[in-house]
file query.cif (mmCIF, C-alpha atoms)
data_work
#
loop_
_atom_site.label_atom_id
_atom_site.label_comp_id
_atom_site.auth_asym_id
_atom_site.auth_seq_id
_atom_site.Cartn_x
_atom_site.Cartn_y
_atom_site.Cartn_z
CA MET A 1 19.67 8.70 4.06
CA LYS A 2 18.61 5.04 4.37
CA ILE A 3 15.37 4.01 2.68
CA ALA A 4 13.83 0.64 3.63
CA TYR A 5 11.57 -1.30 1.27
CA LEU A 6 10.15 -4.80 0.89
CA GLY A 7 12.79 -6.78 -0.98
CA PRO A 8 14.40 -8.52 -2.59
CA LYS A 9 15.70 -6.58 -5.58
CA GLY A 10 13.87 -6.78 -8.87
CA THR A 11 10.37 -6.00 -7.56
CA PHE A 12 7.93 -3.17 -8.21
CA THR A 13 8.52 -2.05 -4.62
CA GLU A 14 12.19 -1.55 -5.43
CA ASP A 15 11.10 0.61 -8.38
CA ALA A 16 9.07 2.76 -5.98
CA ALA A 17 12.00 2.97 -3.57
CA LYS A 18 14.29 4.13 -6.39
CA MET A 19 11.75 6.83 -7.28
CA ALA A 20 11.69 8.00 -3.67
CA ALA A 21 15.50 7.91 -3.47
CA LYS A 22 15.84 10.43 -6.32
CA LYS A 23 14.72 13.14 -3.90
CA PHE A 24 17.74 12.56 -1.65
CA SER A 25 21.42 12.80 -2.54
CA GLY A 26 23.33 9.60 -1.82
CA ALA A 27 20.29 7.63 -0.60
CA GLU A 28 20.94 3.99 0.30
CA LEU A 29 18.23 1.37 -0.33
CA ILE A 30 17.77 -1.32 2.34
CA ASP A 31 15.70 -4.36 1.33
CA GLU A 32 13.67 -5.92 4.15
CA LYS A 33 11.95 -9.31 4.34
CA SER A 34 8.44 -8.03 5.17
CA ILE A 35 6.35 -4.87 5.15
CA GLU A 36 6.30 -5.03 8.96
CA ALA A 37 10.10 -5.05 8.97
CA VAL A 38 10.03 -1.91 6.82
CA ALA A 39 7.75 -0.13 9.31
CA ARG A 40 9.82 -1.24 12.30
CA SER A 41 13.10 -0.20 10.70
CA VAL A 42 11.79 3.36 10.42
CA ALA A 43 10.15 3.36 13.87
CA GLU A 44 13.35 2.05 15.49
CA GLU A 45 15.54 4.58 13.64
CA GLU A 46 17.37 2.02 11.53
CA ALA A 47 16.20 3.85 8.40
CA GLU A 48 15.05 7.43 7.81
CA ARG A 49 12.39 6.50 5.27
CA GLY A 50 10.29 3.47 4.39
CA VAL A 51 8.44 2.63 1.18
CA MET A 52 5.24 0.60 1.59
CA ALA A 53 2.59 -0.48 -0.92
CA CYS A 54 -0.76 1.01 0.10
CA TYR A 55 -3.19 0.64 -2.80
CA ASN A 56 -3.57 -1.29 -6.05
CA TYR A 57 -5.97 -0.38 -8.83
CA LEU A 58 -7.25 -3.95 -9.23
CA GLU A 59 -7.02 -5.21 -5.64
CA GLY A 60 -7.72 -2.04 -3.66
CA LEU A 61 -6.37 -1.17 -0.22
CA VAL A 62 -3.35 -2.88 1.32
CA GLN A 63 -4.80 -2.88 4.84
CA GLU A 64 -1.55 -3.91 6.51
CA CYS A 65 0.18 -0.76 5.28
CA LEU A 66 -2.17 1.71 6.99
CA ASP A 67 -2.35 -0.40 10.14
CA LEU A 68 1.44 -0.54 10.46
CA ILE A 69 1.67 3.22 9.97
CA TYR A 70 -0.94 3.71 12.69
CA GLU A 71 0.48 1.19 15.15
CA ASN A 72 4.09 2.38 14.77
CA ASN A 73 3.12 6.06 14.92
CA LEU A 74 4.71 6.74 11.54
CA LYS A 75 3.98 9.72 9.30
CA ILE A 76 3.26 9.65 5.57
CA VAL A 77 5.58 12.16 3.89
CA GLY A 78 5.39 11.15 0.24
CA ALA A 79 3.75 8.90 -2.34
CA GLU A 80 4.84 7.18 -5.54
CA ARG A 81 2.81 5.48 -8.26
CA VAL A 82 4.28 2.52 -10.14
CA TYR A 83 2.49 1.13 -13.19
CA VAL A 84 2.38 -2.64 -12.97
CA LYS A 85 2.76 -5.04 -15.91
CA PHE A 86 3.30 -8.75 -15.26
CA ALA A 87 4.88 -11.47 -17.39
CA ILE A 88 4.92 -15.24 -16.92
CA GLY A 89 7.99 -17.40 -17.50
CA MET A 90 9.89 -20.53 -16.59
CA LYS A 91 13.39 -21.97 -16.67
CA ASN A 92 14.66 -22.90 -20.13
CA GLY A 93 14.16 -26.57 -20.86
CA ASN A 94 11.60 -27.00 -18.09
CA ALA A 95 8.17 -28.45 -18.90
CA ASP A 96 6.56 -28.38 -15.43
CA PHE A 97 3.26 -26.50 -15.64
CA SER A 98 1.83 -27.92 -12.43
CA ARG A 99 2.69 -24.90 -10.25
CA VAL A 100 2.82 -21.15 -10.65
CA TYR A 101 4.65 -19.02 -8.09
CA SER A 102 4.24 -15.35 -7.25
CA HIS A 103 3.33 -12.88 -4.56
CA PRO A 104 -0.34 -13.44 -3.59
CA LYS A 105 -1.29 -9.98 -4.86
CA ALA A 106 0.35 -10.69 -8.21
CA LEU A 107 -1.47 -14.01 -8.53
CA ALA A 108 -4.77 -12.25 -7.84
CA GLN A 109 -4.01 -9.54 -10.39
CA CYS A 110 -3.33 -12.19 -13.06
CA SER A 111 -6.23 -14.49 -12.15
CA ASN A 112 -8.01 -14.27 -15.52
CA TYR A 113 -4.95 -15.22 -17.54
CA LEU A 114 -4.02 -18.06 -15.18
CA PHE A 115 -7.55 -19.47 -15.22
CA GLN A 116 -7.73 -19.42 -19.01
CA ASN A 117 -4.23 -20.74 -19.74
CA TYR A 118 -3.19 -22.80 -16.69
CA PRO A 119 -6.44 -23.85 -15.00
CA ASP A 120 -4.89 -26.98 -13.45
CA ALA A 121 -1.75 -25.29 -12.10
CA ARG A 122 -1.55 -24.94 -8.34
CA GLN A 123 -0.99 -21.30 -7.43
CA VAL A 124 1.75 -21.06 -4.81
CA PRO A 125 2.06 -17.72 -2.96
CA VAL A 126 5.58 -16.59 -2.02
CA ALA A 127 7.05 -13.50 -0.35
CA SER A 128 7.79 -11.59 -3.56
CA THR A 129 7.82 -11.83 -7.35
CA SER A 130 11.62 -12.13 -7.21
CA LYS A 131 11.25 -15.10 -4.87
CA ALA A 132 8.85 -16.64 -7.43
CA ILE A 133 11.57 -16.59 -10.07
CA GLU A 134 14.01 -18.16 -7.64
CA GLU A 135 11.52 -20.96 -6.89
CA CYS A 136 10.90 -21.82 -10.51
CA VAL A 137 14.63 -21.81 -11.29
CA ASN A 138 15.45 -24.13 -8.39
CA GLY A 139 12.37 -26.34 -8.35
CA GLY A 140 10.52 -26.00 -11.63
CA GLY A 141 7.12 -24.55 -12.36
CA LEU A 142 6.10 -21.11 -13.60
CA ALA A 143 6.66 -17.66 -12.15
CA VAL A 144 4.72 -14.41 -12.44
CA ALA A 145 6.85 -11.26 -12.14
CA LYS A 146 7.81 -8.18 -14.09
CA LYS A 147 9.52 -8.95 -17.39
CA GLU A 148 12.77 -7.21 -16.49
CA ALA A 149 13.28 -9.49 -13.48
CA PHE A 150 13.42 -12.73 -15.51
CA GLY A 151 16.88 -12.12 -16.97
CA ASN A 152 17.88 -15.19 -19.00
CA ILE A 153 14.77 -17.14 -17.99
CA ALA A 154 12.28 -17.80 -20.77
CA VAL A 155 9.36 -15.36 -20.83
CA LEU A 156 6.29 -17.19 -22.14
CA ALA A 157 3.87 -14.27 -22.24
CA GLU A 158 3.86 -10.56 -21.40
CA ASP A 159 1.19 -8.24 -20.01
CA VAL A 160 -0.78 -11.08 -18.40
CA GLY A 161 -2.47 -8.95 -15.76
CA ASN A 162 -6.23 -8.53 -15.47
CA LYS A 163 -7.74 -5.62 -17.40
CA LYS A 164 -10.34 -3.27 -15.92
CA HIS A 165 -12.10 -0.47 -17.81
CA GLY A 166 -9.16 -0.29 -20.21
CA ARG A 167 -6.92 1.37 -17.59
CA LYS A 168 -3.36 0.37 -16.81
CA ASN A 169 -2.88 -1.37 -13.49
CA PHE A 170 -0.85 0.50 -10.89
CA THR A 171 0.25 0.30 -7.27
CA ASP A 172 0.55 3.36 -5.05
CA PHE A 173 3.25 3.42 -2.38
CA TYR A 174 3.53 5.58 0.72
CA VAL A 175 6.87 6.99 1.80
CA VAL A 176 6.90 7.05 5.62
CA ALA A 177 9.08 8.68 8.27
CA ARG A 178 9.07 9.25 12.02
CA ASP A 179 8.09 12.93 11.71
CA TYR A 180 5.79 15.00 9.51
CA CYS A 181 7.28 16.57 6.39
CA SER A 182 8.10 20.25 6.91
CA GLU A 183 7.43 21.12 3.27
CA VAL A 184 3.85 21.80 2.15
CA PRO A 185 3.04 19.66 -0.93
CA GLU A 186 1.88 21.49 -4.06
CA ASN A 187 -1.07 19.18 -4.75
CA PRO A 188 -1.62 17.63 -1.33
CA LEU A 189 -3.58 14.73 0.05
CA THR A 190 -3.86 13.98 3.77
CA MET A 191 -4.58 10.62 5.42
CA VAL A 192 -6.55 10.72 8.66
CA ALA A 193 -7.48 7.92 11.08
CA ILE A 194 -10.75 8.44 12.95
CA THR A 195 -11.94 6.24 15.83
CA PRO A 196 -15.42 6.91 17.26
CA ARG A 197 -15.82 5.82 20.88
CA ILE A 198 -19.59 5.75 20.59
CA ASP A 199 -22.02 4.07 18.22
CA ARG A 200 -25.37 5.40 17.06
CA PRO A 201 -27.45 5.65 13.87
CA ARG A 202 -26.16 8.25 11.34
CA LEU A 203 -22.87 8.71 13.20
CA LEU A 204 -20.75 8.21 10.07
CA HIS A 205 -23.14 10.44 8.10
CA ASP A 206 -22.74 13.22 10.65
CA LEU A 207 -18.99 12.71 10.87
CA LEU A 208 -18.46 12.98 7.12
CA GLY A 209 -20.76 15.99 7.03
CA ARG A 210 -18.18 17.91 9.09
CA ILE A 211 -15.61 17.55 6.32
CA GLU A 212 -16.04 20.31 3.77
CA LEU A 213 -13.18 19.07 1.59
CA ASN A 214 -13.20 16.31 -1.01
CA ILE A 215 -12.85 12.83 0.49
CA GLU A 216 -11.00 10.79 -2.14
CA LYS A 217 -10.97 7.44 -0.30
CA ILE A 218 -12.59 5.97 2.79
CA HIS A 219 -11.73 2.64 4.40
CA SER A 220 -13.26 1.09 7.49
CA ARG A 221 -11.94 -1.69 9.73
CA PRO A 222 -12.43 -2.95 13.29
CA ALA A 223 -10.80 -0.46 15.65
CA ILE A 224 -7.14 -1.10 16.42
CA ASP A 225 -7.27 0.77 19.72
CA GLU A 226 -9.28 -0.67 22.58
CA VAL A 227 -12.69 0.97 22.49
CA ASN A 228 -15.47 0.33 24.99
CA LEU A 229 -18.76 1.15 23.31
CA ARG A 230 -21.94 1.77 25.23
CA SER A 231 -23.75 -0.35 22.66
CA ASN A 232 -23.26 -3.95 21.52
CA GLY A 233 -21.79 -2.92 18.17
CA GLU A 234 -18.33 -3.80 16.88
CA PRO A 235 -15.99 -0.79 17.40
CA GLN A 236 -14.89 0.58 14.03
CA MET A 237 -12.30 3.04 12.80
CA PHE A 238 -12.05 4.88 9.50
CA TYR A 239 -9.13 5.89 7.30
CA LEU A 240 -9.97 8.94 5.18
CA GLU A 241 -7.86 10.34 2.35
CA ILE A 242 -8.78 14.01 2.09
CA ALA A 243 -7.79 16.50 -0.61
CA GLY A 244 -5.81 19.28 1.04
CA SER A 245 -2.87 19.88 3.34
CA MET A 246 -2.97 19.23 7.07
CA ASP A 247 -1.57 22.76 7.52
CA SER A 248 -4.40 24.52 5.68
CA ALA A 249 -7.03 26.50 7.57
CA ALA A 250 -9.83 24.62 5.80
CA PHE A 251 -8.45 21.23 6.88
CA LYS A 252 -7.90 22.33 10.49
CA LYS A 253 -11.47 23.61 10.62
CA CYS A 254 -12.79 20.20 9.50
CA ILE A 255 -10.75 18.38 12.14
CA GLU A 256 -11.97 20.65 14.92
CA LYS A 257 -15.58 20.05 13.87
CA ILE A 258 -15.04 16.27 13.97
CA LYS A 259 -13.42 16.42 17.41
CA ALA A 260 -16.33 18.48 18.72
CA LEU A 261 -18.90 15.92 17.54
CA GLU A 262 -20.46 13.92 20.39
CA LYS A 263 -18.65 15.96 23.04
CA GLY A 264 -15.18 14.80 22.13
CA SER A 265 -15.94 11.09 21.89
CA ILE A 266 -14.10 10.79 18.57
CA THR A 267 -10.33 10.34 18.32
CA VAL A 268 -8.57 11.82 15.28
CA ARG A 269 -5.00 11.10 14.27
CA ILE A 270 -3.41 12.77 11.24
CA LEU A 271 -1.14 10.27 9.49
CA GLY A 272 0.47 12.83 7.21
CA SER A 273 0.23 15.00 4.11
CA TYR A 274 1.90 14.07 0.83
CA GLU A 275 1.96 15.27 -2.74
CA ARG A 276 -0.28 13.60 -5.28
CA THR A 277 2.27 12.35 -7.80
CA TRP A 278 -0.30 11.33 -10.40
CA SER A 279 -2.97 13.14 -12.40
#

call {"tool": "encode", "arguments": {"input": "query.cif", "output": "C-alpha cells"}}
result
Amino acid sequence: MKIAYLGPKGTFTEDAAKMAAKKFSGAELIDEKSIEAVARSVAEEEAERGVMACYNYLEGLVQECLDLIYENNLKIVGAERVYVKFAIGMKNGNADFSRVYSHPKALAQCSNYLFQNYPDARQVPVASTSKAIEECVNGGGLAVAKKEAFGNIAVLAEDVGNKKHGRKNFTDFYVVARDYCSEVPENPLTMVAITPRIDRPRLLHDLLGRIELNIEKIHSRPAIDEVNLRSNGEPQMFYLEIAGSMDSAAFKKCIEKIKALEKGSITVRILGSYERTWS
C-alpha cells in the first residue's frame, strides 16, 4: 500500500499520512511536491491512497483539494484531523529578522503574532513548513513550523498561532482513492458535488429543501464543468458535506429528489463517504 502526501517530511500533512497508514499493514509513505501531484499519483495508479488537506479551523476550506478530487474523479474514503500548533525559530547565531518563511496557510494562521512581534518582517511564502526551516538555515531569517521540525534550530516562541473562541486550531485531511470504500463508516459523512444547469430565484433554497439530512458544510464556487445557462448568471456548483452514508436509504432518497428537481437539470456526483474521526 503506497500512500502519497504533500511533503517533505516533518509537516502536519506527514502526521496525517502516518495516521492514515496505521490502518494498513506495511504502508509506504510517498512525499510529493504539490497537492496536485498527490491527486495525480492516485489517479494514475502510482499510489493506492492520497492524503490531502481539505479544511482548517482558522482559514476554512482548501478549495484546491475538493477541485482536484472532482477533476481527477477520486473518491474520499477516509478523514483525519490533526491539531495544529506552530512555533517560530531561526538558526543559532543568526540575527536576521527581516524575513519570515512558511507555507502561506501557516503565515495566515500566525498573522496576529507576526504583526505584533515582527511587523517589519517580509513574509515569504514557501511550499511547506519544512521548506521554511531549510530557507532560514541556508539564507537567514525566521521560520514558522511545528516545534518538532526545528531539531537543533533555536525555537524563539511556541504556540504562536491565532486563537479563535478559545478552541485549538486543527486541519482536516481527506484520504482519497480511485474507488469508493466498501466498508460503511460507523459515524459517516458524505461529500456531494452538485452542479445546476439552470439558474432561477430560490433554486438553492429548493435544492437544499430536498435534503432531509443534516448539512454540516456547504461551499460554492464557479462551476468546473462547462455549463450553458439560459440566463446571464455565472454558473455555480456546490460542495455539500452531509451527515449520513451514501449507502443509506435516507441519503439515496435525498439524491433522487435533487436529481428530479427541474426535470433533471441538476448534476449530482457523490465524492465519497468517510468516518467522522472527531467528536

call {"tool": "closest_atom_pairs", "arguments": {"input": "query.cif", "of": "segment 88-202 of chain A", "to": "segment 258-275 of chain A", "cutoff": "9 Å", "atoms": "all atoms listed in the file", "output": "JSON lines"}}
result
{"residue": "A:Tyr174", "atom": "CA", "partner": "A:Tyr274", "partner_atom": "CA", "distance": 8.6}
{"residue": "A:Val175", "atom": "CA", "partner": "A:Tyr274", "partner_atom": "CA", "distance": 8.7}
{"residue": "A:Val176", "atom": "CA", "partner": "A:Gly272", "partner_atom": "CA", "distance": 8.8}
{"residue": "A:Asp179", "atom": "CA", "partner": "A:Gly272", "partner_atom": "CA", "distance": 8.9}
{"residue": "A:Tyr180", "atom": "CA", "partner": "A:Gly272", "partner_atom": "CA", "distance": 6.2}
{"residue": "A:Cys181", "atom": "CA", "partner": "A:Ser273", "partner_atom": "CA", "distance": 7.6}
{"residue": "A:Val184", "atom": "CA", "partner": "A:Ser273", "partner_atom": "CA", "distance": 7.9}
{"residue": "A:Pro185", "atom": "CA", "partner": "A:Glu275", "partner_atom": "CA", "distance": 4.9}
{"residue": "A:Glu186", "atom": "CA", "partner": "A:Glu275", "partner_atom": "CA", "distance": 6.4}
{"residue": "A:Asn187", "atom": "CA", "partner": "A:Glu275", "partner_atom": "CA", "distance": 5.3}
{"residue": "A:Pro188", "atom": "CA", "partner": "A:Glu275", "partner_atom": "CA", "distance": 4.5}
{"residue": "A:Leu189", "atom": "CA", "partner": "A:Ser273", "partner_atom": "CA", "distance": 5.6}
{"residue": "A:Thr190", "atom": "CA", "partner": "A:Ser273", "partner_atom": "CA", "distance": 4.2}
{"residue": "A:Met191", "atom": "CA", "partner": "A:Leu271", "partner_atom": "CA", "distance": 5.3}
{"residue": "A:Val192", "atom": "CA", "partner": "A:Ile270", "partner_atom": "CA", "distance": 4.6}
{"residue": "A:Ala193", "atom": "CA", "partner": "A:Arg269", "partner_atom": "CA", "distance": 5.1}
{"residue": "A:Ile194", "atom": "CA", "partner": "A:Val268", "partner_atom": "CA", "distance": 4.6}
{"residue": "A:Thr195", "atom": "CA", "partner": "A:Thr267", "partner_atom": "CA", "distance": 5.1}
{"residue": "A:Pro196", "atom": "CA", "partner": "A:Ile266", "partner_atom": "CA", "distance": 4.3}
{"residue": "A:Arg197", "atom": "CA", "partner": "A:Ser265", "partner_atom": "CA", "distance": 5.4}
{"residue": "A:Ile198", "atom": "CA", "partner": "A:Ser265", "partner_atom": "CA", "distance": 6.6}

call {"tool": "resolve_selection", "arguments": {"input": "query.cif", "expression": "the PyMOL selection byres ((chain A and resi 214-228) around 12)", "output": "count of residues only"}}
result
59

call {"tool": "residues_near_point", "arguments": {"input": "query.cif", "point": "(2.8, -15.7, -1.3)", "cutoff": "9 Å", "atoms": "all atoms listed in the file", "output": "ChimeraX atom specification"}}
result
/A:101-107,124-129,132

call {"tool": "atom_distance", "arguments": {"input": "query.cif", "atom1": "atom CA of Arg167 of chain A", "atom2": "atom CA of Ala16 of chain A"}}
result
19.8 Å

call {"tool": "resolve_selection", "arguments": {"input": "query.cif", "expression": "the PyMOL selection byres ((chain A and resi 122) around 8)", "output": "list in words"}}
result
Ser98, Arg99, Val100, Asp120, Ala121, Gln123 and Val124 of chain A

call {"tool": "atom_distance", "arguments": {"input": "query.cif", "atom1": "atom CA of Val42 of chain A", "atom2": "atom CA of Asn56 of chain A"}}
result
23.0 Å

call {"tool": "residues_around", "arguments": {"input": "query.cif", "residues": "Asn112 of chain A", "least_positions_apart": "5", "cutoff": "9 Å", "atoms": "only C-alpha atoms", "output": "short mmCIF file (atom, residue, chain, number, x, y, z; two decimals) with C-alpha atoms, in the frame of the given file"}}
result
data_model
loop_
_atom_site.label_atom_id
_atom_site.label_comp_id
_atom_site.auth_asym_id
_atom_site.auth_seq_id
_atom_site.Cartn_x
_atom_site.Cartn_y
_atom_site.Cartn_z
CA ASN A 117 -4.23 -20.74 -19.74
CA VAL A 160 -0.78 -11.08 -18.40
CA GLY A 161 -2.47 -8.95 -15.76
CA ASN A 162 -6.23 -8.53 -15.47
CA LYS A 163 -7.74 -5.62 -17.40
#

call {"tool": "residues_near_point", "arguments": {"input": "query.cif", "point": "(9.7, -30.3, -13.9)", "cutoff": "7 Å", "atoms": "only C-alpha atoms", "output": "list in words"}}
result
Asn94, Ala95, Asp96, Gly140 and Gly141 of chain A

call {"tool": "residues_around", "arguments": {"input": "query.cif", "residues": "Ile88 of chain A", "least_positions_apart": "4", "cutoff": "7 Å", "atoms": "only C-alpha atoms", "output": "number ranges by chain"}}
result
A: 142-145, 155-158

call {"tool": "write_last_selection", "arguments": {"input": "query.cif", "atoms": "C-alpha atoms", "output": "CSV table (one decimal), in the frame of the given file"}}
result
chain,number,residue,atom,x,y,z
A,142,LEU,CA,6.1,-21.1,-13.6
A,143,ALA,CA,6.7,-17.7,-12.2
A,144,VAL,CA,4.7,-14.4,-12.4
A,145,ALA,CA,6.8,-11.3,-12.1
A,155,VAL,CA,9.4,-15.4,-20.8
A,156,LEU,CA,6.3,-17.2,-22.1
A,157,ALA,CA,3.9,-14.3,-22.2
A,158,GLU,CA,3.9,-10.6,-21.4

call {"tool": "atom_distance", "arguments": {"input": "query.cif", "atom1": "atom CA of Arg40 of chain A", "atom2": "atom CA of Lys9 of chain A"}}
result
19.6 Å

call {"tool": "closest_residue", "arguments": {"input": "query.cif", "among": "A:Lys164, A:Arg81, A:Lys147, A:Lys91", "to": "Glu59 of chain A", "atoms": "all atoms listed in the file"}}
result
A:Lys164

call {"tool": "resolve_selection", "arguments": {"input": "query.cif", "expression": "the PyMOL selection byres ((chain A and resi 1) around 12)", "output": "list in words"}}
result
Lys2, Ile3, Ala4, Ala20, Ala21, Lys22, Lys23, Phe24, Ser25, Gly26, Ala27, Glu28, Leu29, Ile30, Val42, Glu45, Glu46, Ala47, Glu48, Arg49, Gly50 and Ala177 of chain A

call {"tool": "decode", "arguments": {"input": "query.cif", "residues": "segment 36-49 of chain A", "atoms": "N, CA and C atoms", "output": "JSON list (two decimals), in the first residue's frame"}}
result
[["chain", "number", "residue", "atom", "x", "y", "z"],
["A", 36, "GLU", "N", -1.48, 18.78, -6.09],
["A", 36, "GLU", "CA", -1.90, 18.25, -7.39],
["A", 36, "GLU", "C", -1.14, 16.96, -7.71],
["A", 37, "ALA", "N", 0.13, 16.90, -7.37],
["A", 37, "ALA", "CA", 0.91, 15.69, -7.60],
["A", 37, "ALA", "C", 0.37, 14.53, -6.77],
["A", 38, "VAL", "N", -0.14, 14.82, -5.58],
["A", 38, "VAL", "CA", -0.76, 13.78, -4.75],
["A", 38, "VAL", "C", -1.99, 13.22, -5.46],
["A", 39, "ALA", "N", -2.86, 14.11, -5.94],
["A", 39, "ALA", "CA", -4.08, 13.67, -6.62],
["A", 39, "ALA", "C", -3.75, 12.87, -7.88],
["A", 40, "ARG", "N", -2.78, 13.33, -8.65],
["A", 40, "ARG", "CA", -2.43, 12.65, -9.89],
["A", 40, "ARG", "C", -1.78, 11.28, -9.63],
["A", 41, "SER", "N", -1.02, 11.19, -8.56],
["A", 41, "SER", "CA", -0.37, 9.91, -8.25],
["A", 41, "SER", "C", -1.40, 8.83, -7.96],
["A", 42, "VAL", "N", -2.51, 9.23, -7.33],
["A", 42, "VAL", "CA", -3.59, 8.26, -7.07],
["A", 42, "VAL", "C", -4.37, 7.98, -8.35],
["A", 43, "ALA", "N", -4.71, 9.04, -9.09],
["A", 43, "ALA", "CA", -5.48, 8.87, -10.33],
["A", 43, "ALA", "C", -4.74, 8.03, -11.34],
["A", 44, "GLU", "N", -3.41, 8.15, -11.39],
["A", 44, "GLU", "CA", -2.59, 7.43, -12.37],
["A", 44, "GLU", "C", -2.03, 6.11, -11.82],
["A", 45, "GLU", "N", -2.57, 5.68, -10.66],
["A", 45, "GLU", "CA", -2.26, 4.38, -10.07],
["A", 45, "GLU", "C", -0.81, 4.23, -9.64],
["A", 46, "GLU", "N", -0.17, 5.36, -9.30],
["A", 46, "GLU", "CA", 1.17, 5.30, -8.73],
["A", 46, "GLU", "C", 1.10, 5.08, -7.23],
["A", 47, "ALA", "N", -0.02, 5.44, -6.62],
["A", 47, "ALA", "CA", -0.27, 5.22, -5.20],
["A", 47, "ALA", "C", -1.71, 4.77, -5.03],
["A", 48, "GLU", "N", -1.95, 3.98, -3.98],
["A", 48, "GLU", "CA", -3.31, 3.50, -3.72],
["A", 48, "GLU", "C", -4.14, 4.50, -2.94],
["A", 49, "ARG", "N", -3.48, 5.34, -2.16],
["A", 49, "ARG", "CA", -4.17, 6.34, -1.35],
["A", 49, "ARG", "C", -3.42, 7.67, -1.44]]
